[in-house]
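**Q** Sending over start_5.csv (CSV, C-alpha atoms and all ligand atoms).
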```csv
chain,number,residue,atom,x,y,z
A,1,MET,CA,84.2,95.6,151.1
A,2,THR,CA,84.8,94.0,154.5
A,3,LEU,CA,82.3,94.9,157.3
A,4,GLU,CA,84.3,95.6,160.4
A,5,PHE,CA,83.4,96.7,163.9
A,6,GLN,CA,86.5,98.6,164.9
A,7,GLU,CA,85.9,100.9,168.0
A,8,LYS,CA,82.5,99.3,168.5
A,9,VAL,CA,81.5,97.7,171.8
A,10,ALA,CA,78.9,94.9,171.8
A,11,VAL,CA,77.0,93.3,174.6
A,12,VAL,CA,75.8,89.8,173.7
A,13,THR,CA,73.5,88.2,176.2
A,14,GLY,CA,73.5,84.4,176.8
A,15,ALA,CA,76.8,84.3,174.9
A,16,GLY,CA,78.2,81.3,176.8
A,17,ASN,CA,76.5,78.7,174.5
A,18,GLY,CA,74.7,78.2,171.2
A,19,LEU,CA,73.6,81.1,169.2
A,20,GLY,CA,74.9,83.8,171.5
A,21,LYS,CA,78.4,82.3,171.5
A,22,ALA,CA,78.4,82.2,167.7
A,23,HIS,CA,77.2,85.9,167.5
A,24,ALA,CA,79.9,86.9,170.0
A,25,LEU,CA,82.7,85.1,168.2
A,26,LEU,CA,81.7,86.6,164.9
A,27,LEU,CA,81.5,90.2,166.2
A,28,ALA,CA,84.8,89.8,168.0
A,29,SER,CA,86.4,88.3,164.9
A,30,ARG,CA,85.4,91.5,163.0
A,31,GLY,CA,87.0,93.8,165.6
A,32,ALA,CA,84.2,94.5,168.1
A,33,LYS,CA,85.0,94.5,171.8
A,34,VAL,CA,82.5,92.1,173.3
A,35,VAL,CA,80.9,91.8,176.7
A,36,VAL,CA,80.2,88.0,176.8
A,37,ASN,CA,77.2,87.8,179.2
A,38,ASP,CA,76.0,84.5,180.5
A,39,TYR,CA,74.3,83.6,183.8
A,40,GLY,CA,75.2,79.9,183.1
A,41,THR,CA,71.8,78.3,183.6
A,42,SER,CA,70.4,75.0,182.5
A,43,THR,CA,68.0,74.9,179.6
A,44,HIS,CA,65.2,75.2,182.2
A,45,GLY,CA,66.8,78.3,183.7
A,46,GLU,CA,68.2,76.5,186.8
A,47,GLY,CA,71.6,77.0,188.4
A,48,ASN,CA,74.3,79.6,187.8
A,49,ASP,CA,77.8,78.8,186.4
A,50,GLN,CA,80.4,81.3,185.3
A,51,SER,CA,82.4,78.9,183.2
A,52,ALA,CA,80.1,79.3,180.2
A,53,ALA,CA,81.0,83.0,179.8
A,54,ASP,CA,84.7,82.4,180.8
A,55,LEU,CA,85.3,79.8,178.1
A,56,VAL,CA,84.0,82.1,175.3
A,57,VAL,CA,86.0,85.0,176.6
A,58,ALA,CA,89.1,82.9,176.6
A,59,GLU,CA,88.3,81.7,173.0
A,60,ILE,CA,88.0,85.3,171.8
A,61,ASN,CA,91.0,86.6,173.6
A,62,ASN,CA,93.2,83.6,172.5
A,63,ALA,CA,92.2,84.4,168.9
A,64,GLY,CA,93.5,87.9,169.3
A,65,GLY,CA,90.1,89.5,170.0
A,66,THR,CA,88.9,91.5,173.0
A,67,ALA,CA,86.2,90.3,175.3
A,68,VAL,CA,85.2,90.5,179.0
A,69,ALA,CA,82.8,88.3,180.9
A,70,ASN,CA,79.6,89.3,182.6
A,71,TYR,CA,77.8,86.8,184.8
A,72,ASP,CA,74.7,88.7,185.7
A,73,SER,CA,71.2,87.7,184.7
A,74,VAL,CA,69.8,89.8,181.9
A,75,GLU,CA,67.0,90.7,184.4
A,76,ASP,CA,69.7,93.0,185.9
A,77,GLY,CA,70.3,94.5,182.5
A,78,GLU,CA,72.0,97.7,183.8
A,79,ARG,CA,74.9,95.6,185.2
A,80,LEU,CA,75.7,94.2,181.7
A,81,VAL,CA,75.8,97.7,180.3
A,82,GLU,CA,78.0,98.8,183.3
A,83,THR,CA,80.5,96.1,182.4
A,84,ALA,CA,80.7,97.5,178.8
A,85,ILE,CA,81.1,101.1,180.1
A,86,SER,CA,83.6,100.3,182.8
A,87,ASN,CA,85.8,98.1,180.5
A,88,PHE,CA,85.4,99.8,177.2
A,89,GLY,CA,83.8,103.2,177.8
A,90,ARG,CA,80.8,102.8,175.5
A,91,VAL,CA,78.1,100.5,174.2
A,92,ASP,CA,77.1,100.4,170.5
A,93,ILE,CA,75.5,97.1,170.0
A,94,VAL,CA,73.2,94.9,172.1
A,95,VAL,CA,72.2,91.4,171.0
A,96,ASN,CA,69.4,90.2,173.2
A,97,ASN,CA,69.7,86.5,173.0
A,98,ALA,CA,69.7,84.9,176.5
A,99,GLY,CA,66.9,82.6,177.4
A,100,PHE,CA,65.7,79.2,178.4
A,101,LEU,CA,62.5,77.2,178.1
A,102,ARG,CA,59.7,76.1,180.4
A,103,ASP,CA,57.7,74.1,178.0
A,104,THR,CA,54.4,72.6,179.2
A,105,SER,CA,50.9,72.4,177.8
A,106,PHE,CA,48.7,75.4,178.8
A,107,HIS,CA,46.5,73.5,181.2
A,108,LYS,CA,49.5,72.5,183.2
A,109,MET,CA,51.3,75.9,183.0
A,110,THR,CA,52.1,77.4,186.4
A,111,GLU,CA,52.4,81.1,187.3
A,112,ASN,CA,56.2,80.4,187.6
A,113,ASP,CA,56.4,78.8,184.1
A,114,TRP,CA,54.8,81.9,182.7
A,115,SER,CA,56.7,84.6,184.7
A,116,SER,CA,60.1,83.0,184.5
A,117,ILE,CA,59.9,83.0,180.7
A,118,MET,CA,58.6,86.6,180.5
A,119,ASN,CA,61.3,87.6,182.9
A,120,VAL,CA,64.3,86.2,181.0
A,121,HIS,CA,63.2,86.8,177.4
A,122,LEU,CA,61.0,89.9,177.5
A,123,ASN,CA,61.9,91.7,180.7
A,124,GLY,CA,65.6,90.8,180.3
A,125,SER,CA,65.7,92.2,176.8
A,126,PHE,CA,63.9,95.3,177.9
A,127,ARG,CA,66.3,95.9,180.8
A,128,VAL,CA,69.5,95.6,178.7
A,129,ALA,CA,68.0,97.8,176.0
A,130,ARG,CA,66.8,100.4,178.4
A,131,ALA,CA,70.3,100.5,180.1
A,132,ALA,CA,72.1,100.9,176.8
A,133,TRP,CA,69.5,103.4,175.3
A,134,PRO,CA,70.8,106.6,176.9
A,135,TYR,CA,74.4,105.9,175.6
A,136,MET,CA,73.1,105.1,172.2
A,137,ARG,CA,71.0,108.3,172.1
A,138,GLU,CA,73.9,110.4,173.3
A,139,GLN,CA,76.3,109.1,170.7
A,140,LYS,CA,73.7,109.0,167.9
A,141,PHE,CA,74.5,105.4,167.1
A,142,GLY,CA,73.1,102.1,168.3
A,143,ARG,CA,72.2,98.7,167.0
A,144,ILE,CA,69.9,96.3,168.8
A,145,VAL,CA,68.9,92.8,167.7
A,146,ASN,CA,66.2,91.0,169.7
A,147,THR,CA,65.9,87.2,169.4
A,148,ALA,CA,62.4,85.9,168.7
A,149,SER,CA,61.3,82.4,167.6
A,150,ALA,CA,59.1,80.7,165.1
A,151,ALA,CA,57.1,79.7,168.1
A,152,GLY,CA,56.3,83.3,168.6
A,153,ILE,CA,55.5,84.0,165.0
A,154,TYR,CA,53.4,80.9,164.3
A,155,GLY,CA,52.6,79.5,167.8
A,156,ASN,CA,53.7,76.1,169.1
A,157,PHE,CA,52.2,73.4,171.3
A,158,GLY,CA,53.5,73.5,174.8
A,159,GLN,CA,55.0,77.0,174.4
A,160,VAL,CA,52.2,79.5,175.3
A,161,ASN,CA,54.6,81.3,177.6
A,162,TYR,CA,57.6,81.3,175.2
A,163,SER,CA,55.4,82.2,172.2
A,164,ALA,CA,53.9,85.2,174.0
A,165,ALA,CA,57.3,86.5,175.1
A,166,LYS,CA,58.9,86.0,171.8
A,167,LEU,CA,56.3,87.8,169.7
A,168,ALA,CA,56.1,90.6,172.4
A,169,LEU,CA,59.8,91.1,171.7
A,170,HIS,CA,59.0,92.0,168.1
A,171,GLY,CA,56.4,94.5,169.3
A,172,MET,CA,59.2,96.0,171.4
A,173,THR,CA,61.5,96.1,168.3
A,174,GLN,CA,58.9,97.8,166.1
A,175,ALA,CA,58.2,100.6,168.6
A,176,LEU,CA,61.9,101.0,169.6
A,177,ALA,CA,62.8,101.3,165.9
A,178,ILE,CA,60.4,104.3,165.6
A,179,GLU,CA,61.8,106.0,168.8
A,180,GLY,CA,65.4,105.3,167.8
A,181,LYS,CA,65.1,106.5,164.2
A,182,SER,CA,66.2,110.1,164.7
A,183,ARG,CA,69.2,109.0,166.7
A,184,ASN,CA,70.5,106.4,164.3
A,185,ILE,CA,69.5,103.6,166.6
A,186,HIS,CA,68.3,100.6,164.6
A,187,VAL,CA,66.4,97.8,166.2
A,188,ASN,CA,65.5,94.5,164.5
A,189,THR,CA,64.3,91.0,165.4
A,190,VAL,CA,65.8,87.7,164.3
A,191,ALA,CA,63.9,84.4,164.8
A,192,PRO,CA,66.7,81.8,164.5
A,193,ALA,CA,66.7,78.0,164.0
A,194,ALA,CA,69.8,76.3,165.2
A,195,ALA,CA,71.0,73.1,166.9
A,196,SER,CA,71.8,73.9,170.5
A,197,ARG,CA,71.2,72.7,174.0
A,198,LEU,CA,67.7,74.1,173.7
A,199,THR,CA,66.8,72.1,170.6
A,200,ASP,CA,68.7,68.9,171.6
A,201,THR,CA,65.6,66.9,172.1
A,202,VAL,CA,63.8,68.0,168.9
A,203,ILE,CA,66.6,68.1,166.3
A,204,SER,CA,68.0,64.9,164.8
A,205,ARG,CA,71.7,64.3,164.4
A,206,GLU,CA,71.5,64.9,160.6
A,207,GLN,CA,69.6,68.2,161.2
A,208,THR,CA,72.2,69.2,163.7
A,209,LYS,CA,74.9,69.3,161.0
A,210,ALA,CA,72.8,71.6,158.8
A,211,LEU,CA,71.5,73.8,161.6
A,212,ARG,CA,74.8,75.2,162.9
A,213,ALA,CA,74.4,78.3,165.1
A,214,ASP,CA,77.1,80.1,163.3
A,215,LEU,CA,75.0,80.0,160.1
A,216,VAL,CA,72.5,82.4,161.9
A,217,SER,CA,75.2,84.9,163.1
A,218,PRO,CA,75.9,86.7,159.8
A,219,ILE,CA,72.5,88.3,159.6
A,220,VAL,CA,72.8,89.3,163.3
A,221,GLY,CA,76.2,90.8,162.5
A,222,TYR,CA,75.0,92.6,159.5
A,223,LEU,CA,72.0,94.2,161.3
A,224,CYS,CA,74.5,95.4,164.0
A,225,HIS,CA,76.7,97.1,161.4
A,226,GLU,CA,76.7,100.8,160.9
A,227,ASP,CA,76.2,100.3,157.1
A,228,SER,CA,72.8,98.6,157.7
A,229,THR,CA,69.8,100.9,157.4
A,230,GLU,CA,67.3,98.2,158.2
A,231,SER,CA,65.1,98.9,161.3
A,232,GLY,CA,61.9,97.6,162.8
A,233,SER,CA,62.1,94.4,160.8
A,234,LEU,CA,61.7,90.7,161.5
A,235,PHE,CA,63.8,88.0,159.9
A,236,GLU,CA,64.0,84.2,160.1
A,237,ALA,CA,67.3,82.5,159.7
A,238,GLY,CA,68.5,79.0,159.9
A,239,ALA,CA,70.8,76.5,158.0
A,240,GLY,CA,72.2,79.3,155.9
A,241,TRP,CA,68.7,80.5,154.8
A,242,PHE,CA,67.6,84.1,155.5
A,243,GLY,CA,64.2,85.7,154.9
A,244,LYS,CA,62.2,88.7,155.9
A,245,LEU,CA,58.6,88.7,157.2
A,246,ARG,CA,56.0,91.5,157.0
A,247,TRP,CA,52.4,92.0,157.8
A,248,GLU,CA,49.8,91.2,155.2
A,249,ARG,CA,46.2,92.5,155.4
A,250,THR,CA,43.2,91.7,153.3
A,251,GLU,CA,41.6,94.5,151.3
A,252,GLY,CA,38.8,94.2,153.8
A,253,LYS,CA,35.3,95.6,153.5
A,254,ASN,CA,33.6,98.7,154.9
A,255,LEU,CA,30.2,97.6,156.2
A,256,GLY,CA,28.9,101.0,157.2
A,257,ASN,CA,27.9,102.0,160.7
A,258,ASN,CA,25.0,99.8,161.6
A,259,ILE,CA,26.4,96.3,161.6
A,260,THR,CA,25.0,93.1,162.9
A,261,LEU,CA,26.7,89.8,163.6
A,262,GLU,CA,24.8,88.5,160.5
A,263,ASP,CA,26.5,91.2,158.4
A,264,ILE,CA,29.9,89.9,159.6
A,265,ALA,CA,28.9,86.3,158.7
A,266,ALA,CA,27.5,87.3,155.3
A,267,ASN,CA,30.7,89.2,154.4
A,268,TRP,CA,33.2,86.8,156.0
A,269,GLY,CA,34.5,85.8,152.5
A,270,ASP,CA,35.4,89.4,151.7
A,271,ILE,CA,36.8,90.2,155.1
A,272,THR,CA,39.2,87.3,154.9
A,273,ASN,CA,40.0,87.3,151.2
A,274,PHE,CA,43.7,88.0,150.6
A,275,GLU,CA,43.4,88.4,146.9
A,276,ASN,CA,44.1,92.2,146.9
A,277,ALA,CA,46.1,92.1,150.1
A,278,THR,CA,48.2,95.1,151.2
A,279,HIS,CA,51.3,95.2,153.4
A,280,PRO,CA,50.9,98.1,155.8
A,281,SER,CA,54.3,98.9,157.3
A,282,ASP,CA,53.4,101.7,159.8
A,283,ILE,CA,50.5,102.7,161.9
A,284,SER,CA,49.4,105.6,159.8
A,285,THR,CA,49.2,103.5,156.6
A,286,ALA,CA,47.3,100.9,158.7
A,287,PHE,CA,44.8,103.5,159.9
A,288,ALA,CA,44.3,104.9,156.4
A,289,ALA,CA,42.2,101.9,155.6
A,290,PHE,CA,39.4,103.3,157.7
A,291,GLY,CA,40.3,106.9,157.0
A,292,ASP,CA,37.3,107.6,154.7
A,293,VAL,CA,34.9,106.1,157.2
A,294,MET,CA,36.4,108.1,160.1
A,295,SER,CA,36.3,111.4,158.1
A,296,ALA,CA,32.7,110.7,157.2
A,297,ALA,CA,31.9,110.0,160.9
A,298,VAL,CA,33.8,113.2,162.1
A,299,GLY,CA,32.0,115.2,159.4
A,300,SER,CA,28.5,113.9,160.2
A,401,LIG,N1,68.1,77.2,169.0
A,401,LIG,C1,67.1,77.5,168.3
A,401,LIG,O1,66.7,76.8,167.3
A,401,LIG,C2,66.2,78.7,168.7
A,401,LIG,C3,65.0,78.9,168.0
A,401,LIG,C4,64.3,80.0,168.3
A,401,LIG,C5,64.8,80.9,169.2
A,401,LIG,N2,65.9,80.6,169.9
A,401,LIG,C6,66.3,81.6,170.9
A,401,LIG,O2,67.7,81.9,170.7
A,401,LIG,C7,68.3,82.2,171.9
A,401,LIG,C8,69.5,81.4,172.2
A,401,LIG,O3,69.1,80.1,172.3
A,401,LIG,P1,70.2,78.8,172.1
A,401,LIG,O4,69.5,77.8,171.3
A,401,LIG,O5,71.5,79.3,171.7
A,401,LIG,O6,70.2,78.4,173.7
A,401,LIG,P2,71.4,77.9,174.7
A,401,LIG,O7,70.8,77.3,175.8
A,401,LIG,O8,72.4,77.2,173.9
A,401,LIG,O9,72.0,79.4,175.1
A,401,LIG,C9,71.3,80.3,175.9
A,401,LIG,C10,72.2,80.9,176.9
A,401,LIG,O10,71.5,81.8,177.7
A,401,LIG,C11,72.0,81.8,179.0
A,401,LIG,N3,71.0,82.3,179.9
A,401,LIG,C12,69.8,81.8,180.3
A,401,LIG,N4,69.2,82.6,181.2
A,401,LIG,C13,70.0,83.7,181.3
A,401,LIG,C14,69.9,84.9,182.1
A,401,LIG,N5,68.9,85.1,182.9
A,401,LIG,N6,70.9,85.8,181.9
A,401,LIG,C15,71.9,85.6,181.1
A,401,LIG,N7,72.1,84.5,180.4
A,401,LIG,C16,71.1,83.5,180.5
A,401,LIG,C17,72.2,80.3,179.2
A,401,LIG,O11,73.1,80.1,180.3
A,401,LIG,C18,72.8,79.9,177.9
A,401,LIG,O12,74.2,79.9,177.9
A,401,LIG,C19,67.2,82.1,173.0
A,401,LIG,O13,66.6,83.3,173.2
A,401,LIG,C20,66.2,81.1,172.3
A,401,LIG,O14,64.9,81.3,172.8
A,401,LIG,C21,66.7,79.6,169.6
```
Take the structure from the file and write it as structure tokens.
**A**
Amino acid sequence: MTLEFQEKVAVVTGAGNGLGKAHALLLASRGAKVVVNDYGTSTHGEGNDQSAADLVVAEINNAGGTAVANYDSVEDGERLVETAISNFGRVDIVVNNAGFLRDTSFHKMTENDWSSIMNVHLNGSFRVARAAWPYMREQKFGRIVNTASAAGIYGNFGQVNYSAAKLALHGMTQALAIEGKSRNIHVNTVAPAAASRLTDTVISREQTKALRADLVSPIVGYLCHEDSTESGSLFEAGAGWFGKLRWERTEGKNLGNNITLEDIAANWGDITNFENATHPSDISTAFAAFGDVMSAAVGS
């Protein structure tokens, strides 16, 4: 069965280059009408050039698809959604992908290095999602994919700002997935790996061949499809490999209600032992671990 996006309207941010372009081309090739957003910045977030979005729109339209350009910054998220509404009358899919880097070691990181990264990755994704949300709620359908990074999941030298923004995006995904559930709005996070302008200096020519951006797009496309029931999840994707991540928690140990630092030290092995680990997937399951202790405390 072919997965198509007929009658669906997608907003793909940062779609003038790299991953966003690959996502936009894929969605359009499957019938989605696409708003190709791109502010046209450098990889450091400088400048503003409309040609990035224009070229992708031309490529989609020349191939028989339907796309319009939007040149606003994702920080003005409502304008991107307005472009979808005024041209196509609806918005079904948001792929939050736009971004740039301001890498520097933490001791040299300026306020601007921090806030510009928060603004484009986290606040930008928030603003586009917030603008699309009322339409998705009303039509009882929506799919949002947020773009994280291995730097957010695992941390990376020189990327304190970027790592923080990228993992925060998954926090947003998890909570939005809960809020969107009853309205058939599914929200997921993808942490990609792909050769692009952003990774030019860290990826070798050989790796570039394997790490094509379009090898990430199929999972983004699938998560945006109405057949996908997945929500609140985090995936890694690169070079044609796809995997899902989840939380893992040690069995842990209840140390009573009169606990010293020395008790923590003495029990460190048990507290950190993953032998009988569990995988709590929601907040009530997570809290159940101290349920007995809490009931005893409430009862006493
Ligand atoms: N390439 C990778 O391996 C990799 C790894 C992890 C995460 N990511 C993430 O994937 C996303 C895409 O990265 P890429 O490698 O394709 O980079 P890219 O530089 O090729 O494309 C990013 C696009 O976003 C646009 N953009 C930047 N700021 C914008 C703004 N304020 N509003 C609208 N558009 C804006 C740029 O003009 C650019 O066209 C980013 O969020 C990046 O952090 C990429």
**Q** What does the structure give for the distance between atom CA of Ala150 of chain A and atom CA of Val128 of chain A, in Å to one decimal?
**A** 22.7 Å
**Q** How would you write, as number ranges by chain, the set of residues no farther than 7 Å from ligand LIG 401 (chain A) when counting all atoms listed in the file?
**A** A: 13-20, 37-43, 45, 52, 72-75, 97-100, 120-121, 147-150, 191-199
**Q** Could you state the separation of atom CA of Leu55 of chain A and atom CA of Ala69 of chain A in Å, given to one decimal place?
**A**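 Going from atom CA of Leu55 of chain A over to atom CA of Ala69 of chain A covers 9.3 Å.
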**Q** Give me, please, the distance in Å between atom CA of Glu236 of chain A and atom CA of Val190 of chain A, quoted to one decimal.
**A**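 Taking atom CA of Glu236 of chain A as the start and atom CA of Val190 of chain A as the end point, the length is 5.8 Å.
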**Q** Which residue is closest to Glu82 of chain A? Choose from A:Leu101, A:Ile60, A:Val11, A:Glu138 and count only C-alpha atoms.
**A**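 For Glu82 of chain A, the nearest of the candidates is A:Val11.
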**Q** A:Ile117, A:Lys33, A:Gly152, A:Val145: which is nearest Glu230 of chain A, counting only C-alpha atoms?
**A**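 Of the candidates, the smallest distance to Glu230 of chain A is held by A:Val145.
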**Q** Hey, could you make a per-residue contact list for segment 192-248 of chain A against segment 21-27 of chain A with 7 Å as the cut-off, showing the nearest pair of atoms and its distance in Å to one decimal, counting only C-alpha atoms, sorted by chain and number, as a tab-separated table?
**A**
```
residue	atom	partner	partner_atom	distance
A:Ala213	CA	A:Ala22	CA	6.2
A:Asp214	CA	A:Ala22	CA	5.0
A:Ser217	CA	A:His23	CA	4.9
A:Val220	CA	A:His23	CA	7.0
A:Gly221	CA	A:Leu27	CA	6.5
```
**Q** Just the selected residues (C-alpha atoms), exported as a PDB file, in the frame of the given file, please.
**A**
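Resulting contents of out_1.pdb:
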```pdb
ATOM      1  CA  ALA A 213      74.400  78.300 165.100  1.00  0.00           C
ATOM      2  CA  ASP A 214      77.100  80.100 163.300  1.00  0.00           C
ATOM      3  CA  SER A 217      75.200  84.900 163.100  1.00  0.00           C
ATOM      4  CA  VAL A 220      72.800  89.300 163.300  1.00  0.00           C
ATOM      5  CA  GLY A 221      76.200  90.800 162.500  1.00  0.00           C
TER       6      GLY A 221
END
```
**Q** N, CA and C atoms are what I want for segment 44-65 of chain A; can you complete it accordingly and write them as a PDB file, in the coordinates of the input?
**A**
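Result file follows (rebuild.pdb):
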```
ATOM      1  N   HIS A  44      66.472  74.904 181.474  1.00  0.00           N
ATOM      2  CA  HIS A  44      65.200  75.200 182.200  1.00  0.00           C
ATOM      3  C   HIS A  44      65.394  76.492 183.037  1.00  0.00           C
ATOM      4  N   GLY A  45      66.574  77.088 182.968  1.00  0.00           N
ATOM      5  CA  GLY A  45      66.800  78.300 183.700  1.00  0.00           C
ATOM      6  C   GLY A  45      67.240  78.042 185.160  1.00  0.00           C
ATOM      7  N   GLU A  46      67.732  76.812 185.438  1.00  0.00           N
ATOM      8  CA  GLU A  46      68.200  76.500 186.800  1.00  0.00           C
ATOM      9  C   GLU A  46      69.699  76.602 186.905  1.00  0.00           C
ATOM     10  N   GLY A  47      70.178  76.955 188.098  1.00  0.00           N
ATOM     11  CA  GLY A  47      71.600  77.000 188.400  1.00  0.00           C
ATOM     12  C   GLY A  47      72.254  78.282 187.881  1.00  0.00           C
ATOM     13  N   ASN A  48      73.568  78.321 188.073  1.00  0.00           N
ATOM     14  CA  ASN A  48      74.300  79.600 187.800  1.00  0.00           C
ATOM     15  C   ASN A  48      75.779  79.182 187.746  1.00  0.00           C
ATOM     16  N   ASP A  49      76.401  79.308 186.553  1.00  0.00           N
ATOM     17  CA  ASP A  49      77.800  78.800 186.400  1.00  0.00           C
ATOM     18  C   ASP A  49      78.551  79.784 185.501  1.00  0.00           C
ATOM     19  N   GLN A  50      79.638  80.299 186.052  1.00  0.00           N
ATOM     20  CA  GLN A  50      80.400  81.300 185.300  1.00  0.00           C
ATOM     21  C   GLN A  50      81.254  80.779 184.207  1.00  0.00           C
ATOM     22  N   SER A  51      81.465  79.452 184.184  1.00  0.00           N
ATOM     23  CA  SER A  51      82.400  78.900 183.200  1.00  0.00           C
ATOM     24  C   SER A  51      81.947  79.085 181.768  1.00  0.00           C
ATOM     25  N   ALA A  52      80.639  79.144 181.549  1.00  0.00           N
ATOM     26  CA  ALA A  52      80.100  79.300 180.200  1.00  0.00           C
ATOM     27  C   ALA A  52      80.683  80.577 179.558  1.00  0.00           C
ATOM     28  N   ALA A  53      80.534  81.688 180.272  1.00  0.00           N
ATOM     29  CA  ALA A  53      81.000  83.000 179.800  1.00  0.00           C
ATOM     30  C   ALA A  53      82.563  82.956 179.694  1.00  0.00           C
ATOM     31  N   ASP A  54      83.200  82.404 180.733  1.00  0.00           N
ATOM     32  CA  ASP A  54      84.700  82.400 180.800  1.00  0.00           C
ATOM     33  C   ASP A  54      85.285  81.704 179.572  1.00  0.00           C
ATOM     34  N   LEU A  55      84.703  80.566 179.186  1.00  0.00           N
ATOM     35  CA  LEU A  55      85.300  79.800 178.100  1.00  0.00           C
ATOM     36  C   LEU A  55      85.196  80.590 176.766  1.00  0.00           C
ATOM     37  N   VAL A  56      84.104  81.308 176.567  1.00  0.00           N
ATOM     38  CA  VAL A  56      84.000  82.100 175.300  1.00  0.00           C
ATOM     39  C   VAL A  56      84.892  83.290 175.333  1.00  0.00           C
ATOM     40  N   VAL A  57      85.021  83.922 176.491  1.00  0.00           N
ATOM     41  CA  VAL A  57      86.000  85.000 176.600  1.00  0.00           C
ATOM     42  C   VAL A  57      87.380  84.553 176.284  1.00  0.00           C
ATOM     43  N   ALA A  58      87.751  83.407 176.835  1.00  0.00           N
ATOM     44  CA  ALA A  58      89.100  82.900 176.600  1.00  0.00           C
ATOM     45  C   ALA A  58      89.269  82.574 175.090  1.00  0.00           C
ATOM     46  N   GLU A  59      88.244  82.014 174.471  1.00  0.00           N
ATOM     47  CA  GLU A  59      88.300  81.700 173.000  1.00  0.00           C
ATOM     48  C   GLU A  59      88.554  82.964 172.212  1.00  0.00           C
ATOM     49  N   ILE A  60      87.827  84.017 172.549  1.00  0.00           N
ATOM     50  CA  ILE A  60      88.000  85.300 171.800  1.00  0.00           C
ATOM     51  C   ILE A  60      89.340  85.896 172.043  1.00  0.00           C
ATOM     52  N   ASN A  61      89.740  85.964 173.314  1.00  0.00           N
ATOM     53  CA  ASN A  61      91.000  86.600 173.600  1.00  0.00           C
ATOM     54  C   ASN A  61      92.199  85.803 173.040  1.00  0.00           C
ATOM     55  N   ASN A  62      92.099  84.466 173.081  1.00  0.00           N
ATOM     56  CA  ASN A  62      93.200  83.600 172.500  1.00  0.00           C
ATOM     57  C   ASN A  62      93.289  83.815 171.001  1.00  0.00           C
ATOM     58  N   ALA A  63      92.172  84.164 170.383  1.00  0.00           N
ATOM     59  CA  ALA A  63      92.200  84.400 168.900  1.00  0.00           C
ATOM     60  C   ALA A  63      92.609  85.786 168.551  1.00  0.00           C
ATOM     61  N   GLY A  64      92.982  86.575 169.571  1.00  0.00           N
ATOM     62  CA  GLY A  64      93.500  87.900 169.300  1.00  0.00           C
ATOM     63  C   GLY A  64      92.369  88.996 169.396  1.00  0.00           C
ATOM     64  N   GLY A  65      91.166  88.586 169.814  1.00  0.00           N
ATOM     65  CA  GLY A  65      90.100  89.500 170.000  1.00  0.00           C
ATOM     66  C   GLY A  65      90.056  90.128 171.377  1.00  0.00           C
TER      67      GLY A  65
END
```
